[in-house]
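So this block is structure_21.txt, compact mmCIF, C-alpha atoms and all ligand atoms:
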```txt
# COMPACT_ATOMS: atom_id res chain seq x y z
CA MET H 285 -59.35 -54.94 -13.24
CA LYS H 286 -61.86 -57.76 -13.27
CA LEU H 287 -63.11 -56.64 -16.66
CA THR H 288 -59.56 -56.52 -18.07
CA LYS H 289 -58.92 -60.07 -16.82
CA THR H 290 -62.11 -61.36 -18.37
CA LEU H 291 -61.33 -59.60 -21.62
CA THR H 292 -57.80 -60.99 -21.72
CA ALA H 293 -59.12 -64.49 -21.08
CA ALA H 294 -61.69 -64.07 -23.85
CA VAL H 295 -59.05 -62.85 -26.29
CA PHE H 296 -56.82 -65.83 -25.45
CA ALA H 297 -59.70 -68.27 -25.84
CA LEU H 298 -60.58 -66.74 -29.20
CA GLY H 299 -56.95 -66.91 -30.31
CA ALA H 300 -56.69 -70.56 -29.30
CA ALA H 301 -59.91 -71.41 -31.10
CA LEU H 302 -58.76 -69.60 -34.24
CA SER H 303 -55.34 -71.22 -34.27
CA ALA H 304 -56.89 -74.67 -33.77
CA GLN H 305 -59.23 -73.95 -36.62
CA ALA H 306 -56.39 -72.62 -38.74
CA ALA H 307 -54.12 -75.63 -37.97
CA GLU H 308 -53.00 -77.03 -41.28
CA PRO H 309 -53.82 -80.67 -42.01
CA LEU H 310 -50.91 -83.02 -41.47
CA LYS H 311 -50.15 -84.36 -44.92
CA ILE H 312 -48.45 -87.73 -45.05
CA GLY H 313 -47.31 -88.99 -48.44
CA LEU H 314 -47.23 -92.79 -48.53
CA VAL H 315 -45.01 -94.29 -51.23
CA LEU H 316 -46.13 -97.92 -51.53
CA PRO H 317 -46.48 -100.60 -54.22
CA MET H 318 -50.28 -100.88 -54.50
CA THR H 319 -50.31 -102.93 -57.73
CA GLY H 320 -47.92 -105.43 -59.32
CA PRO H 321 -45.93 -108.24 -57.72
CA PHE H 322 -45.58 -106.56 -54.30
CA ALA H 323 -49.11 -105.12 -54.03
CA ALA H 324 -49.74 -107.11 -50.84
CA TYR H 325 -46.99 -105.06 -49.13
CA GLY H 326 -48.68 -101.75 -49.94
CA LYS H 327 -52.07 -103.04 -48.85
CA GLN H 328 -50.79 -104.30 -45.50
CA ILE H 329 -48.90 -101.10 -44.68
CA GLU H 330 -51.84 -98.91 -45.67
CA HIS H 331 -54.07 -101.09 -43.48
CA GLY H 332 -51.71 -100.66 -40.54
CA VAL H 333 -51.56 -96.87 -40.89
CA LYS H 334 -55.34 -96.56 -41.25
CA LEU H 335 -56.04 -98.91 -38.36
CA TYR H 336 -53.90 -96.76 -36.07
CA LEU H 337 -55.93 -93.68 -37.03
CA GLU H 338 -59.17 -95.58 -36.60
CA ARG H 339 -58.23 -96.73 -33.10
CA ASN H 340 -56.63 -93.48 -31.93
CA GLY H 341 -58.39 -90.73 -33.86
CA ASP H 342 -57.28 -89.03 -37.06
CA THR H 343 -56.32 -85.68 -35.55
CA VAL H 344 -52.87 -85.39 -33.98
CA ALA H 345 -51.79 -82.32 -32.03
CA GLY H 346 -54.78 -80.47 -33.49
CA ARG H 347 -53.89 -81.39 -37.09
CA LYS H 348 -56.14 -83.63 -39.12
CA VAL H 349 -54.18 -86.37 -40.82
CA GLU H 350 -54.45 -86.51 -44.60
CA LEU H 351 -52.95 -89.54 -46.32
CA ILE H 352 -51.84 -89.31 -49.95
CA VAL H 353 -50.93 -92.72 -51.38
CA LYS H 354 -48.70 -93.02 -54.45
CA ASP H 355 -48.31 -96.41 -56.10
CA ASP H 356 -44.61 -97.00 -56.81
CA ALA H 357 -45.18 -100.43 -58.43
CA PRO H 358 -43.28 -102.60 -58.97
CA GLY H 359 -41.60 -101.31 -55.79
CA THR H 360 -38.13 -102.27 -56.96
CA ALA H 361 -37.61 -99.36 -59.39
CA GLY H 362 -35.93 -96.54 -57.49
CA ASP H 363 -36.51 -93.96 -60.23
CA VAL H 364 -40.30 -94.49 -60.02
CA SER H 365 -40.32 -94.09 -56.23
CA LYS H 366 -38.14 -90.99 -56.50
CA ARG H 367 -40.38 -89.28 -59.07
CA LEU H 368 -43.47 -89.95 -56.95
CA ALA H 369 -41.80 -88.72 -53.75
CA GLN H 370 -40.75 -85.57 -55.61
CA GLU H 371 -44.37 -85.00 -56.65
CA LEU H 372 -45.49 -85.46 -53.06
CA VAL H 373 -43.01 -82.85 -51.84
CA VAL H 374 -43.36 -80.30 -54.63
CA LYS H 375 -47.00 -80.60 -55.74
CA ASP H 376 -48.80 -81.99 -52.71
CA ASN H 377 -46.59 -80.20 -50.21
CA VAL H 378 -46.58 -83.14 -47.80
CA ASP H 379 -45.13 -82.75 -44.30
CA ILE H 380 -43.88 -86.32 -44.03
CA LEU H 381 -42.78 -89.03 -46.46
CA ALA H 382 -43.59 -92.58 -45.35
CA GLY H 383 -44.08 -96.15 -46.53
CA PHE H 384 -41.16 -97.58 -48.56
CA CYS H 385 -41.53 -101.32 -48.85
CA LEU H 386 -38.51 -102.37 -50.85
CA THR H 387 -34.92 -101.34 -50.38
CA PRO H 388 -34.40 -99.76 -53.85
CA SER H 389 -37.27 -97.34 -53.23
CA ALA H 390 -35.89 -96.26 -49.83
CA PHE H 391 -32.36 -95.77 -51.18
CA ALA H 392 -33.65 -93.70 -54.12
CA VAL H 393 -35.74 -91.33 -51.98
CA ALA H 394 -33.23 -90.78 -49.12
CA PRO H 395 -31.36 -87.88 -50.83
CA LEU H 396 -34.68 -86.12 -51.45
CA ALA H 397 -35.59 -86.31 -47.73
CA THR H 398 -32.25 -84.65 -46.95
CA GLU H 399 -32.67 -81.96 -49.58
CA ALA H 400 -36.29 -81.17 -48.62
CA LYS H 401 -35.61 -81.69 -44.87
CA LYS H 402 -38.69 -83.91 -44.64
CA PRO H 403 -39.03 -86.72 -42.10
CA MET H 404 -38.96 -90.06 -43.94
CA ILE H 405 -40.51 -92.98 -42.07
CA ILE H 406 -39.45 -96.40 -43.36
CA MET H 407 -42.25 -98.86 -42.68
CA ASN H 408 -40.63 -101.94 -44.24
CA ALA H 409 -37.45 -101.64 -46.35
CA ALA H 410 -34.86 -103.45 -44.27
CA THR H 411 -31.31 -103.18 -45.64
CA SER H 412 -29.23 -102.06 -42.68
CA ALA H 413 -27.54 -99.11 -44.44
CA ILE H 414 -30.80 -97.31 -45.35
CA THR H 415 -30.86 -95.18 -42.19
CA THR H 416 -27.30 -93.98 -42.92
CA LYS H 417 -28.43 -92.43 -46.21
CA SER H 418 -30.29 -89.49 -44.66
CA ASN H 419 -30.41 -87.98 -41.16
CA TYR H 420 -34.15 -87.48 -41.71
CA ILE H 421 -34.91 -91.23 -41.83
CA VAL H 422 -36.49 -93.17 -38.95
CA ARG H 423 -37.34 -96.87 -39.36
CA THR H 424 -40.18 -98.73 -37.64
CA SER H 425 -39.78 -102.14 -39.31
CA MET H 426 -36.55 -104.11 -38.82
CA THR H 427 -33.16 -104.67 -40.39
CA LEU H 428 -32.07 -107.92 -41.99
CA PRO H 429 -29.00 -108.36 -39.74
CA GLN H 430 -31.30 -107.79 -36.73
CA ILE H 431 -33.72 -110.56 -37.68
CA THR H 432 -30.99 -112.91 -39.00
CA ALA H 433 -28.43 -113.10 -36.18
CA PRO H 434 -30.84 -114.77 -33.70
CA ILE H 435 -31.67 -117.70 -36.02
CA ALA H 436 -27.96 -118.26 -36.71
CA THR H 437 -27.28 -118.41 -32.97
CA TRP H 438 -30.28 -120.68 -32.38
CA ALA H 439 -29.19 -123.06 -35.18
CA ALA H 440 -25.64 -123.37 -33.86
CA LYS H 441 -26.95 -124.14 -30.37
CA ASN H 442 -29.46 -126.71 -31.59
CA GLY H 443 -27.43 -129.30 -33.41
CA ILE H 444 -27.28 -127.64 -36.83
CA LYS H 445 -23.63 -127.81 -37.87
CA LYS H 446 -23.69 -127.33 -41.65
CA VAL H 447 -25.81 -124.77 -43.50
CA PHE H 448 -26.25 -123.77 -47.15
CA THR H 449 -27.43 -120.15 -47.55
CA VAL H 450 -29.91 -118.98 -50.22
CA VAL H 451 -30.69 -115.26 -50.46
CA ALA H 452 -32.27 -112.77 -52.87
CA ASP H 453 -29.56 -110.93 -54.78
CA TYR H 454 -30.01 -107.36 -53.49
CA GLY H 455 -29.40 -105.32 -50.33
CA PRO H 456 -31.45 -107.23 -47.74
CA GLY H 457 -30.31 -110.60 -49.14
CA HIS H 458 -26.66 -109.56 -48.97
CA ASP H 459 -27.20 -108.36 -45.39
CA ALA H 460 -28.89 -111.64 -44.43
CA GLU H 461 -26.14 -113.76 -46.00
CA GLY H 462 -23.37 -111.67 -44.41
CA GLN H 463 -24.89 -111.71 -40.93
CA PHE H 464 -25.82 -115.39 -41.04
CA LYS H 465 -22.28 -116.37 -41.99
CA LYS H 466 -20.70 -114.06 -39.43
CA THR H 467 -22.80 -115.31 -36.49
CA PHE H 468 -22.90 -118.98 -37.51
CA LEU H 469 -19.17 -119.28 -38.26
CA ALA H 470 -18.29 -117.52 -35.00
CA ALA H 471 -20.43 -120.11 -33.19
CA GLY H 472 -18.45 -122.94 -34.81
CA GLY H 473 -20.78 -123.70 -37.73
CA GLU H 474 -19.81 -124.53 -41.31
CA ILE H 475 -21.22 -123.10 -44.55
CA THR H 476 -21.48 -125.79 -47.24
CA GLY H 477 -22.37 -123.37 -50.01
CA GLU H 478 -24.17 -120.14 -50.83
CA VAL H 479 -26.27 -118.82 -53.70
CA ARG H 480 -27.91 -115.52 -54.56
CA VAL H 481 -31.14 -115.74 -56.56
CA PRO H 482 -32.99 -113.06 -58.57
CA VAL H 483 -35.28 -110.81 -56.53
CA ARG H 484 -38.26 -111.46 -58.79
CA ASN H 485 -39.53 -114.83 -60.06
CA PRO H 486 -36.56 -116.94 -59.04
CA ASP H 487 -36.58 -120.53 -60.33
CA PHE H 488 -35.25 -122.52 -57.40
CA ALA H 489 -34.93 -125.90 -59.15
CA PRO H 490 -31.23 -125.66 -60.15
CA TYR H 491 -30.22 -124.18 -56.80
CA LEU H 492 -32.05 -126.81 -54.79
CA GLN H 493 -30.18 -129.64 -56.50
CA LYS H 494 -26.94 -127.86 -55.61
CA VAL H 495 -28.05 -127.53 -51.99
CA LYS H 496 -28.95 -131.22 -51.80
CA ASP H 497 -25.57 -132.29 -53.19
CA THR H 498 -23.64 -130.52 -50.41
CA LYS H 499 -25.61 -132.45 -47.73
CA PRO H 500 -26.16 -129.64 -45.22
CA ASP H 501 -28.14 -130.05 -41.99
CA ALA H 502 -30.22 -127.03 -42.99
CA VAL H 503 -30.81 -124.36 -45.63
CA PHE H 504 -30.99 -120.78 -44.43
CA ILE H 505 -33.20 -118.69 -46.70
CA PHE H 506 -34.10 -115.03 -47.07
CA VAL H 507 -36.31 -113.94 -49.94
CA PRO H 508 -38.65 -110.92 -49.87
CA ALA H 509 -41.98 -112.03 -48.40
CA GLY H 510 -44.49 -113.39 -50.92
CA GLU H 511 -44.47 -115.55 -54.03
CA ALA H 512 -40.74 -116.36 -53.93
CA GLY H 513 -41.08 -118.06 -50.55
CA ILE H 514 -44.05 -120.11 -51.72
CA GLY H 515 -41.97 -121.22 -54.74
CA PHE H 516 -39.01 -122.13 -52.57
CA MET H 517 -41.05 -124.27 -50.19
CA LYS H 518 -42.76 -126.01 -53.12
CA GLY H 519 -39.42 -126.82 -54.77
CA PHE H 520 -37.99 -127.97 -51.45
CA GLN H 521 -40.78 -130.55 -51.16
CA GLU H 522 -40.73 -131.62 -54.81
CA ARG H 523 -36.97 -132.15 -54.91
CA GLY H 524 -37.05 -134.31 -51.78
CA LEU H 525 -34.85 -132.14 -49.58
CA ALA H 526 -37.10 -132.65 -46.56
CA GLN H 527 -36.96 -136.43 -47.12
CA ALA H 528 -33.16 -136.18 -47.29
CA GLY H 529 -33.29 -134.82 -43.72
CA ILE H 530 -32.47 -131.21 -44.62
CA LYS H 531 -34.24 -128.58 -42.51
CA VAL H 532 -35.34 -125.09 -43.49
CA ILE H 533 -34.36 -122.19 -41.24
CA ALA H 534 -35.23 -118.64 -42.17
CA THR H 535 -36.07 -115.09 -41.27
CA GLY H 536 -39.82 -114.75 -40.72
CA ASP H 537 -40.28 -113.17 -44.16
CA LEU H 538 -40.60 -116.71 -45.55
CA LEU H 539 -43.52 -117.55 -43.26
CA ASP H 540 -45.40 -114.28 -43.17
CA GLU H 541 -49.09 -114.63 -42.31
CA GLU H 542 -50.04 -113.31 -45.76
CA VAL H 543 -48.57 -116.43 -47.47
CA LEU H 544 -48.46 -119.03 -44.70
CA ASP H 545 -51.76 -120.59 -45.75
CA ALA H 546 -50.58 -120.79 -49.37
CA ILE H 547 -47.46 -122.71 -48.27
CA GLY H 548 -49.68 -124.99 -46.20
CA ASP H 549 -48.61 -127.99 -44.15
CA PRO H 550 -45.05 -128.19 -45.59
CA ALA H 551 -44.40 -125.13 -43.37
CA LEU H 552 -45.18 -127.09 -40.20
CA GLY H 553 -42.21 -127.21 -37.84
CA VAL H 554 -40.12 -124.61 -39.70
CA ILE H 555 -38.13 -122.45 -37.28
CA SER H 556 -37.50 -118.77 -38.00
CA SER H 557 -36.56 -115.57 -36.21
CA PHE H 558 -38.61 -112.40 -36.52
CA HIS H 559 -40.02 -109.39 -34.73
CA TYR H 560 -43.74 -109.90 -35.38
CA SER H 561 -46.14 -112.83 -35.23
CA GLU H 562 -49.93 -112.74 -35.35
CA ALA H 563 -49.74 -115.30 -32.54
CA HIS H 564 -47.62 -113.05 -30.26
CA LYS H 565 -49.12 -113.32 -26.80
CA SER H 566 -49.63 -109.88 -25.27
CA PRO H 567 -52.71 -107.83 -24.42
CA GLU H 568 -51.62 -105.20 -26.98
CA ASN H 569 -51.36 -107.77 -29.77
CA LEU H 570 -54.62 -109.50 -28.86
CA ALA H 571 -56.44 -106.17 -29.13
CA TYR H 572 -54.56 -105.28 -32.32
CA VAL H 573 -55.32 -108.59 -34.03
CA ALA H 574 -59.00 -108.35 -33.05
CA ALA H 575 -59.26 -104.77 -34.41
CA TYR H 576 -57.34 -105.69 -37.57
CA THR H 577 -59.44 -108.74 -38.28
CA LYS H 578 -62.63 -106.73 -37.74
CA ALA H 579 -61.49 -103.96 -40.07
CA TYR H 580 -60.00 -106.27 -42.74
CA PRO H 581 -61.72 -109.66 -42.40
CA LYS H 582 -60.10 -111.05 -45.55
CA ASP H 583 -56.54 -110.44 -44.35
CA ARG H 584 -54.29 -111.64 -41.58
CA PRO H 585 -52.14 -109.03 -39.80
CA ASN H 586 -48.45 -109.46 -40.53
CA PHE H 587 -45.10 -107.70 -40.05
CA MET H 588 -45.83 -105.16 -42.76
CA SER H 589 -49.08 -104.03 -41.16
CA ALA H 590 -47.22 -103.79 -37.84
CA GLY H 591 -44.56 -101.61 -39.53
CA GLY H 592 -47.27 -99.28 -40.83
CA TYR H 593 -49.16 -99.20 -37.53
CA ASP H 594 -46.04 -98.42 -35.52
CA GLY H 595 -44.89 -95.87 -38.10
CA MET H 596 -48.18 -94.00 -37.66
CA HIS H 597 -47.84 -94.34 -33.87
CA LEU H 598 -44.39 -92.77 -34.07
CA ILE H 599 -45.67 -89.87 -36.20
CA ALA H 600 -48.59 -89.19 -33.82
CA GLU H 601 -46.45 -89.31 -30.66
CA VAL H 602 -43.71 -87.14 -32.16
CA LEU H 603 -46.26 -84.53 -33.19
CA LYS H 604 -47.64 -84.50 -29.64
CA LYS H 605 -44.13 -83.78 -28.38
CA THR H 606 -43.44 -81.01 -30.89
CA GLY H 607 -46.88 -79.39 -30.50
CA GLY H 608 -47.79 -80.24 -34.09
CA ASP H 609 -44.48 -79.16 -35.67
CA ALA H 610 -43.46 -81.70 -38.34
CA SER H 611 -40.39 -79.84 -39.61
CA GLY H 612 -37.56 -82.28 -40.29
CA ASP H 613 -35.03 -81.32 -37.61
CA LYS H 614 -37.57 -80.98 -34.79
CA PHE H 615 -39.34 -84.18 -35.79
CA ILE H 616 -36.16 -86.27 -35.84
CA GLU H 617 -34.88 -84.90 -32.52
CA ALA H 618 -38.22 -85.77 -30.88
CA ALA H 619 -38.25 -89.25 -32.44
CA LYS H 620 -34.82 -90.21 -31.09
CA GLY H 621 -35.12 -92.39 -28.00
CA MET H 622 -38.91 -92.70 -28.23
CA LYS H 623 -40.21 -95.86 -26.52
CA TRP H 624 -43.56 -97.62 -26.67
CA THR H 625 -45.29 -100.95 -26.43
CA SER H 626 -46.10 -102.13 -29.93
CA PRO H 627 -48.32 -105.11 -30.79
CA ARG H 628 -44.96 -106.87 -31.42
CA GLY H 629 -43.66 -106.10 -27.88
CA PRO H 630 -41.52 -103.30 -26.39
CA VAL H 631 -39.73 -101.10 -28.96
CA SER H 632 -37.65 -97.92 -29.01
CA ILE H 633 -35.88 -95.72 -31.53
CA ASP H 634 -32.10 -95.93 -31.20
CA PRO H 635 -31.01 -92.26 -30.88
CA ALA H 636 -27.67 -93.06 -32.54
CA THR H 637 -28.99 -94.79 -35.69
CA ARG H 638 -32.74 -93.92 -35.84
CA ASP H 639 -33.39 -97.64 -36.25
CA ILE H 640 -35.83 -99.64 -34.17
CA VAL H 641 -34.63 -101.59 -31.14
CA GLN H 642 -36.91 -104.55 -30.44
CA THR H 643 -37.35 -108.12 -29.26
CA VAL H 644 -36.54 -110.73 -31.88
CA TYR H 645 -38.40 -114.00 -31.32
CA ILE H 646 -37.60 -117.58 -32.31
CA ARG H 647 -40.78 -119.21 -33.63
CA LYS H 648 -41.99 -122.55 -34.87
CA VAL H 649 -44.82 -123.02 -37.36
CA THR H 650 -47.56 -124.84 -35.48
CA LYS H 651 -51.28 -125.38 -36.05
CA VAL H 652 -53.28 -123.33 -33.57
CA GLY H 653 -57.04 -123.81 -33.74
CA GLY H 654 -56.65 -125.26 -37.23
CA LYS H 655 -54.61 -122.24 -38.42
CA LEU H 656 -50.89 -122.20 -39.20
CA GLN H 657 -49.15 -119.79 -36.86
CA ASN H 658 -45.59 -118.79 -35.98
CA VAL H 659 -45.58 -119.70 -32.30
CA GLU H 660 -42.84 -117.90 -30.34
CA PHE H 661 -40.78 -120.01 -27.91
CA ASP H 662 -37.59 -118.02 -27.29
CA GLN H 663 -36.47 -114.42 -27.62
CA VAL H 664 -33.63 -111.91 -27.65
CA ASN H 665 -34.64 -108.71 -25.87
CA GLU H 666 -33.89 -105.11 -26.83
CA PHE H 667 -31.94 -106.22 -29.86
CA LYS H 668 -30.25 -103.46 -31.88
CA ASP H 669 -29.29 -103.74 -35.55
CA PRO H 670 -25.98 -105.65 -35.48
CA GLY H 671 -25.36 -104.41 -39.03
CA LYS H 672 -24.27 -101.05 -37.59
CA GLN H 673 -21.76 -102.50 -35.14
C1 LIG X 1 -36.63 -104.96 -48.69
O1 LIG X 1 -36.65 -104.78 -49.92
O2 LIG X 1 -35.95 -104.24 -47.95
C2 LIG X 1 -37.46 -106.07 -48.12
C3 LIG X 1 -38.57 -106.55 -48.82
C4 LIG X 1 -39.30 -107.60 -48.30
C5 LIG X 1 -38.93 -108.20 -47.10
C6 LIG X 1 -37.82 -107.72 -46.40
C7 LIG X 1 -37.08 -106.67 -46.91
O3 LIG X 1 -39.63 -109.26 -46.66
```

What does this structure look like when you write it as structure tokens?
Amino acid sequence: MKLTKTLTAAVFALGAALSAQAAEPLKIGLVLPMTGPFAAYGKQIEHGVKLYLERNGDTVAGRKVELIVKDDAPGTAGDVSKRLAQELVVKDNVDILAGFCLTPSAFAVAPLATEAKKPMIIMNAATSAITTKSNYIVRTSMTLPQITAPIATWAAKNGIKKVFTVVADYGPGHDAEGQFKKTFLAAGGEITGEVRVPVRNPDFAPYLQKVKDTKPDAVFIFVPAGEAGIGFMKGFQERGLAQAGIKVIATGDLLDEEVLDAIGDPALGVISSFHYSEAHKSPENLAYVAAYTKAYPKDRPNFMSAGGYDGMHLIAEVLKKTGGDASGDKFIEAAKGMKWTSPRGPVSIDPATRDIVQTVYIRKVTKVGGKLQNVEFDQVNEFKDPGKQ
């Protein structure tokens, strides 16, 4: 009897050891612009994903994580992203598709996630409707309506009565414009004019003159983070809009830590709403910023790196729940309702929409220790994407 028990235990132990050994690597295909005009996005997201693995170990539920990065530069060409995602599924046999910085790339790959039943983790692309395009999508970044409504409310409550809106002419810009108008008009505000500018290399000069002529209290702007924002702030100074008493209000994309230093002092005092700031005061963010800065001393952590970090957190925690099973239906069921404390604050996955529910902060650009930072001074807690309501 004793011998049988010992033998059984030995057989079980051997089986467990063999199955752990035989556990397939967890292949994650990252579709990111690594070169071209949006290369900074890909870099930041890849940093975030890698930092998570560095801090938490690169084996989840017994499966070693293998990252395969495909450069979908310029990031705005859906057909490029789709071809690369197809390669990841068919040739590399990835378990999970992740990354997706710009809206066109997420829209183009969504039908493939459905067809292949692969979880698709959106780490930046922020047009509200993206998560409705496949039941296999989960998003760990934000949506434009979610980060826009709070600044519209703040503006209306803080003496800003007339606003001119300037947005990039594609999904997230349309979402930002729509939500800003909806919230601001409902709060009694007035829109003096609106323009949509090209996504890449917009020349703001003609638009800025138009803005100035309508004499608004403020301009609300959304452009994809990066060069466009630097160009807007430069034109705003050069054309004397600040001197004319016009304020800038924005989503935090304009003032992302990656470009804040390039904008320089003209950014001082600008108010925005957003879900992540390097200056967010929490023990989790302090530790995150320290680890990030140690790993990537040339870069400042921003919302994209947070999207990548939290996306990898979600994958790891889901796999723990499913015992290492990354199949689409099981993965998505386990992801719904998941809650954790991110460097950005408390977050959860809305089981109804698979979008992230999070705190959106109101921030003011301030010099902290000689460095420009988005210092948070107000917040809206557990804020869901209003674009779905
Ligand atoms: C998007 O394309 O969805 C996007 C890109 C950059 C941002 C925000 C949204 O800063």

Give me the residues of chain H that have any atom at most 7 Å from an atom of ligand LIG 1 (chain X); for each, the nearest atom pair and the distance in Å, rounded to one decimal. Use all atoms listed in the file, sort by chain and number, and format it as a Markdown table.
```
| residue | atom | partner | partner_atom | distance |
| --- | --- | --- | --- | --- |
| H:Cys385 | CA | X:LIG1 | C3 | 6.0 |
| H:Leu386 | CA | X:LIG1 | O1 | 3.2 |
| H:Thr387 | CA | X:LIG1 | O1 | 3.9 |
| H:Pro388 | CA | X:LIG1 | O1 | 6.8 |
| H:Asn408 | CA | X:LIG1 | O2 | 6.4 |
| H:Ala409 | CA | X:LIG1 | O2 | 3.4 |
| H:Ala410 | CA | X:LIG1 | O2 | 3.9 |
| H:Thr411 | CA | X:LIG1 | O2 | 5.3 |
| H:Pro456 | CA | X:LIG1 | O2 | 5.4 |
| H:Val507 | CA | X:LIG1 | O3 | 6.6 |
| H:Pro508 | CA | X:LIG1 | C4 | 3.7 |
| H:Ala509 | CA | X:LIG1 | O3 | 4.0 |
| H:Asp537 | CA | X:LIG1 | O3 | 4.7 |
```

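Minimum atom-to-atom distance to H:Leu598, evaluated using all atoms listed in the file, belongs to H:Arg423 out of H:Lys496, H:Lys402, H:Arg423, H:Lys565.
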
H:Gln663 environment, 9 Å, all atoms listed in the file, sequence neighbours closer than 2 positions dropped, as a list in words: Pro434, Ser557, Thr643, Val644, Tyr645, Ile646, Arg647, Glu660, Phe661 and Asn665 of chain H

Within 12 Å of H:Lys614 using only C-alpha atoms, minus same-chain residues under 6 positions, as a ChimeraX atom specification: /H:401-403,419-420,602-608,620

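Residues in contact range of H:Ile421, defined as at most 7 Å between all atoms listed in the file, with sequence neighbours fewer than 5 positions away removed, read Pro403, Met404, Ile405, Thr415 and Arg638 of chain H.
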
Take the residues that were just selected and, keeping C-alpha atoms, output them as a PDB file, in the coordinates of the input.
```pdb
ATOM      1  CA  PRO H 403     -39.030 -86.720 -42.100  1.00  0.00           C
ATOM      2  CA  MET H 404     -38.960 -90.060 -43.940  1.00  0.00           C
ATOM      3  CA  ILE H 405     -40.510 -92.980 -42.070  1.00  0.00           C
ATOM      4  CA  THR H 415     -30.860 -95.180 -42.190  1.00  0.00           C
ATOM      5  CA  ARG H 638     -32.740 -93.920 -35.840  1.00  0.00           C
TER       6      ARG H 638
END
```

Residues within 6 Å of (-44.3, -94.0, -56.7), counting all atoms listed in the file, listed as JSON, numbers by chain: {"H": [315, 354, 355, 356, 364, 365, 368]}

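What separates atom CA of H:Val649 from atom CA of H:Val554 is a distance of 5.5 Å.
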
For H:Pro635, the nearest of the candidates H:Val422, H:Tyr336, H:Asp497, H:Leu351, counting only C-alpha atoms: H:Val422

At a cut-off of 9 Å, using all atoms listed in the file, what residues contact H:Asp363? Leave out same-chain residues fewer than 6 positions from it and give the result as a compact mmCIF listing (two decimals) with C-alpha atoms, in the coordinates of the input.
```
# COMPACT_ATOMS: atom_id res chain seq x y z
CA PRO H 388 -34.40 -99.76 -53.85
CA SER H 389 -37.27 -97.34 -53.23
CA ALA H 392 -33.65 -93.70 -54.12
CA VAL H 393 -35.74 -91.33 -51.98
```

Coordinates-based distance that separates atom CA of H:Val333 from atom CA of H:Met596 (Å, one decimal): 5.5 Å

Exercise: H:Met517 partners within 10 Å, only C-alpha atoms, chain neighbours under 4 positions left out, as a list in words: Phe488, Ala512, Gly513, Gln521, Glu522, Ala526, Val532, Leu538, Leu539, Ile547, Gly548, Pro550 and Ala551 of chain H

Please produce a file of the residues just selected, as an mmCIF file, keeping the file's coordinate frame, where the atoms kept are C-alpha atoms.
```cif
data_model
loop_
_atom_site.group_PDB
_atom_site.id
_atom_site.type_symbol
_atom_site.label_atom_id
_atom_site.label_comp_id
_atom_site.auth_asym_id
_atom_site.auth_seq_id
_atom_site.Cartn_x
_atom_site.Cartn_y
_atom_site.Cartn_z
ATOM 1 C CA PHE H 488 -35.250 -122.520 -57.400
ATOM 2 C CA ALA H 512 -40.740 -116.360 -53.930
ATOM 3 C CA GLY H 513 -41.080 -118.060 -50.550
ATOM 4 C CA GLN H 521 -40.780 -130.550 -51.160
ATOM 5 C CA GLU H 522 -40.730 -131.620 -54.810
ATOM 6 C CA ALA H 526 -37.100 -132.650 -46.560
ATOM 7 C CA VAL H 532 -35.340 -125.090 -43.490
ATOM 8 C CA LEU H 538 -40.600 -116.710 -45.550
ATOM 9 C CA LEU H 539 -43.520 -117.550 -43.260
ATOM 10 C CA ILE H 547 -47.460 -122.710 -48.270
ATOM 11 C CA GLY H 548 -49.680 -124.990 -46.200
ATOM 12 C CA PRO H 550 -45.050 -128.190 -45.590
ATOM 13 C CA ALA H 551 -44.400 -125.130 -43.370
#
```

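The nearest approach to H:Val573 among the residues H:Glu666, H:Lys466, H:Leu335, H:Leu381, with only C-alpha atoms taken into account, belongs to H:Leu335.
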
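Residue nearest H:Arg584 within the list H:Leu570, H:Val543, H:Leu469, H:Ala357: H:Val543 [criterion: smallest interatomic distance, only C-alpha atoms].
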
Straight-line distance linking atom CA of H:Thr427 with atom CA of H:Ala460, stated in Å to one decimal: 9.1 Å

Cut-off 12 Å around (-21.5, -130.1, -38.2) with all atoms listed in the file: residues as an MDAnalysis selection string: chainID H and resid 439:448 468:469 471:476 499:502

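If all atoms listed in the file are the atoms counted, then among H:Val503, H:Leu310, H:Val353, H:Ile329 the closest residue to H:Glu371 is H:Val353.
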
Using all atoms of stretch 385-398 of chain H listed in the file and a margin of 5 Å per side, can you give the axis-aligned box centre and edge lengths in Å to one decimal, as JSON?
```
{"center_x": -36.4, "center_y": -93.5, "center_z": -50.5, "size_x": 20.2, "size_y": 27.7, "size_z": 17.2}
```

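Proximity of H:Lys582, H:Lys465, H:Arg484, H:Arg339 to H:Pro429, computed with all atoms listed in the file, is greatest for H:Lys465.
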
Reconstruct N, CA and C atoms of stretch 347-351 of chain H; output as an mmCIF file, in the frame of the given file.
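Now in rebuild.cif:
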```cif
data_model
loop_
_atom_site.group_PDB
_atom_site.id
_atom_site.type_symbol
_atom_site.label_atom_id
_atom_site.label_comp_id
_atom_site.auth_asym_id
_atom_site.auth_seq_id
_atom_site.Cartn_x
_atom_site.Cartn_y
_atom_site.Cartn_z
ATOM 1 N N ARG H 347 -53.966 -81.353 -35.613
ATOM 2 C CA ARG H 347 -53.890 -81.390 -37.090
ATOM 3 C C ARG H 347 -54.550 -82.653 -37.628
ATOM 4 N N LYS H 348 -55.462 -82.473 -38.543
ATOM 5 C CA LYS H 348 -56.140 -83.630 -39.120
ATOM 6 C C LYS H 348 -55.204 -84.324 -40.110
ATOM 7 N N VAL H 349 -55.102 -85.628 -39.959
ATOM 8 C CA VAL H 349 -54.180 -86.370 -40.820
ATOM 9 C C VAL H 349 -54.787 -86.602 -42.198
ATOM 10 N N GLU H 350 -54.031 -86.275 -43.210
ATOM 11 C CA GLU H 350 -54.450 -86.510 -44.600
ATOM 12 C C GLU H 350 -53.430 -87.446 -45.233
ATOM 13 N N LEU H 351 -53.881 -88.590 -45.695
ATOM 14 C CA LEU H 351 -52.950 -89.540 -46.320
ATOM 15 C C LEU H 351 -53.025 -89.405 -47.838
#
```
